[in-house]
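For reference, the structure is listed below as structure tokens.
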Amino acid sequence: MVFKITHKDKKTKARIGILHTKKGNIETPFFMPVATKATAKFINPGKLIESGAKAIISNALILSLKPGSKIIKKLGGIGKFMNFLGINFTDSGGFQMYSPSTYISSNNQGVFFRNPFNGEKIFITPEKDMEIQLDINSDVAMCLDRMPLFKDSKKEIENAVILTTTWAKRCKEHHDELQKKIPKEKRQLLFGITQGGIHKDLRKRSINELKKLDFDGYSVGGLGLGEKRKDEMKMIELQKSILPDNKPIYLMGIGDPVEILDAISKGIDIFDSRMPTQNARRGTLFTSNRKLKILNKKYESDKSPIDKNCTCFVCKNYSRAYIKFLLSQDEPVGKELASYHNLYYLQNLMKEAKIAIKNNKFKEFNKKITEIYNN
């Protein structure tokens, strides 16, 4: 069994489970820092582990271009390549379709991308994508999907759903074929990604079509792109109502503390986002007393830590004044310290969420954090 639920909160749909991968087991819910190029920006793999991260996600498409998936394979796979001791997820490159600088076009056969390193035109098929991710040797791979933009018309989003299903079938078939001779416990897991924007009929169609393919897990794609929070939660509830309870659900690209907790209350198990580190580099820090805008002038001589209730090495050793100064000077160390704190905060939030679920107090915990951040 790939996923086993161990605890359920009695007042919400929040749950704790164990995801079994070839590298080992990981308890859900968990948040993954984004390590696009086999590293999080300004945070080395050892510090990721120290912050509490048990899993990270990297970009298979980008890594296949540099240093190259064959090189990573030769060096023992992405975990050994970057010396990350946790679980490695890889994304397919679908997010790059959100970027006009890399995305060119797509059709039934695959996607045309522009190589960000040399401008060369490249073509990725679902089969090629699976081969890349198996060479990279991540523990969990994502299907190639067509991610529409929030502003796209319903017809464009419908076309994205059609392509996503078409590619998912080919990904699953090729992925299964390539791993036929590998014992089940040593196989890479494969997650399907549903699309459909906030259109209930399209999202329902996507979920039902991918459900038939029986993936190891399912990702909720194409949200967190400008839609209202209530619409996002409706799509999560729809996905949960259709898929079997024993399938892990991964909400892609979400890193806001309140948004994460709201999604956990609906039964989401896995999260990732570049937002916590990106915001940190720009001076927005998570604390036990709402977000802190550290670049404000009032902090230039503030001796206190970012968060007096935080036990991370940043809060134990450095003042707000120091971090404000470093960030204002665009110093890499400032970006490192700020990013580490935000990641530590989120990992600690996940620990507290799991304690609340085990004690059937998640609803109260969610309300408390929401009130702090909304004040």
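We label chains A, B, ... in the order they appear in the structure tokens, count residues from 1 in each chain, and number ligands from 1 in the order shown.
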- May I have the residues within 8 Å of range 209-212 of chain A as a ChimeraX atom specification, using only C-alpha atoms and disregarding those fewer than 5 positions away in the same chain? /A:165,168,192-194,243
Would you output that residue set with N, CA and C atoms, as a PDB file, in the first residue's frame?
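Written output follows (result-v8.pdb):
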ATOM      1  N   THR A 165      -5.312  14.913 -19.778  1.00  0.00           N
ATOM      2  CA  THR A 165      -5.753  13.515 -19.731  1.00  0.00           C
ATOM      3  C   THR A 165      -5.022  12.669 -20.768  1.00  0.00           C
ATOM      4  N   ALA A 168      -1.555  12.177 -19.543  1.00  0.00           N
ATOM      5  CA  ALA A 168      -1.526  11.350 -18.334  1.00  0.00           C
ATOM      6  C   ALA A 168      -1.606   9.861 -18.686  1.00  0.00           C
ATOM      7  N   GLY A 192      -0.787  11.825 -10.791  1.00  0.00           N
ATOM      8  CA  GLY A 192      -1.495  12.533 -11.849  1.00  0.00           C
ATOM      9  C   GLY A 192      -1.871  13.924 -11.364  1.00  0.00           C
ATOM     10  N   ILE A 193      -2.011  14.863 -12.288  1.00  0.00           N
ATOM     11  CA  ILE A 193      -2.336  16.252 -11.940  1.00  0.00           C
ATOM     12  C   ILE A 193      -3.660  16.640 -12.596  1.00  0.00           C
ATOM     13  N   THR A 194      -4.636  17.022 -11.790  1.00  0.00           N
ATOM     14  CA  THR A 194      -5.923  17.441 -12.352  1.00  0.00           C
ATOM     15  C   THR A 194      -5.895  18.926 -12.697  1.00  0.00           C
ATOM     16  N   LEU A 243     -12.184  11.191  -5.393  1.00  0.00           N
ATOM     17  CA  LEU A 243     -11.085  10.234  -5.289  1.00  0.00           C
ATOM     18  C   LEU A 243     -11.199   9.350  -4.051  1.00  0.00           C
TER      19      LEU A 243
END
- Just asking: which residues within range 252-317 of chain A are strand (DSSP E) according to DSSP, as a ChimeraX atom specification? /A:270-273,284-285,292-293
Keeping only C-alpha atoms, write those residues as an mmCIF file, in the first residue's frame.
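Contents of the output file result.cif:
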data_model
loop_
_atom_site.group_PDB
_atom_site.id
_atom_site.type_symbol
_atom_site.label_atom_id
_atom_site.label_comp_id
_atom_site.auth_asym_id
_atom_site.auth_seq_id
_atom_site.Cartn_x
_atom_site.Cartn_y
_atom_site.Cartn_z
ATOM 1 C CA ILE A 270 1.101 17.584 0.537
ATOM 2 C CA PHE A 271 2.138 21.153 -0.323
ATOM 3 C CA ASP A 272 4.942 23.022 -2.071
ATOM 4 C CA SER A 273 5.656 26.627 -2.961
ATOM 5 C CA THR A 284 8.187 39.385 4.367
ATOM 6 C CA LEU A 285 8.640 36.932 7.247
ATOM 7 C CA LEU A 292 6.542 40.851 9.599
ATOM 8 C CA LYS A 293 7.678 43.381 6.997
#
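Using only C-alpha atoms, the smallest distance between any of A:Asn107, A:Asn246, A:Gln278, A:Ser328 and Glu300 in chain A comes from A:Ser328.
Here the question is which of A:Lys66, A:Lys128, A:Lys74, A:Lys358 gets nearest to Asn115 in chain A using only C-alpha atoms, and that residue is A:Lys66.
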- Near range 198-207 of chain A, counting only C-alpha atoms, which residues have an atom at most 9 Å away, once you skip same-chain residues fewer than 3 positions from it, shown as a ChimeraX atom specification? /A:150,154,157-158,161-162,164-165,193-195,210-212,218,222-223,227,231-232,234-235,238-239,242-243
- Residue with the minimum atom-to-atom distance to Phe123 in chain A, picked from A:Asp176, A:Asn360, A:Leu61, A:Ile71 with only C-alpha atoms counted, is A:Leu61
- Polymer residues at most 8 Å from Gln133 in chain A, only C-alpha atoms, same-chain spacing of 3 or more positions, as JSON, numbers by chain: {"A": [60, 69, 90, 92, 129, 130, 136, 137, 138, 141]}
- What is the CA of Leu19 in chain A to CA of Lys4 in chain A distance in Å? 6.8 Å
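Picture a line from CA of Glu371 in chain A to CA of Ser319 in chain A; it runs 26.2 Å.
Checking A:Thr102, A:Asn289, A:Thr28, A:Asn374 one by one against Met350 in chain A, counting only C-alpha atoms, you find the shortest gap at A:Thr28.
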- Query: Which residues, written as a ChimeraX atom specification, have at least one atom at most 9 Å from Lys361 in chain A, with only C-alpha atoms counted and residues fewer than 5 positions away on the same chain left out?
  - Reply: /A:9-11,353,355-356,366
Go ahead and write the residues just picked, C-alpha atoms, as a PDB file, in the first residue's frame.
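Output file again.pdb follows:
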ATOM      1  CA  ASP A   9      -9.557  14.799  13.041  1.00  0.00           C
ATOM      2  CA  LYS A  10     -13.160  14.394  14.211  1.00  0.00           C
ATOM      3  CA  LYS A  11     -14.280  17.980  13.509  1.00  0.00           C
ATOM      4  CA  ALA A 353      -0.944  20.877  12.833  1.00  0.00           C
ATOM      5  CA  ILE A 355      -0.338  17.374  16.972  1.00  0.00           C
ATOM      6  CA  ALA A 356      -3.694  19.176  16.718  1.00  0.00           C
ATOM      7  CA  ASN A 366      -6.687  26.548  12.391  1.00  0.00           C
TER       8      ASN A 366
END
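Distance check against Gly224 in chain A using only C-alpha atoms: of A:Glu120, A:Leu178, A:Asp256, A:Leu261, the minimum falls on A:Asp256.
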- With only C-alpha atoms as the basis for distance, which of A:Lys351, A:Lys230, A:His20, A:Arg281 is at the shortest distance from Pro248 in chain A? A:His20
- Message: Just the number, please: distance in Å from CA of Phe112 in chain A to CA of Asp145 in chain A, one decimal.
- Response: 13.0 Å
- Task: Select from range 136-285 of chain A everything DSSP, run on the backbone, classes as helix (DSSP H, G or I), then give the selection as number ranges by chain.
- Result: A: 136, 154-178, 184-186, 200-211, 229-242, 257-265, 275-281
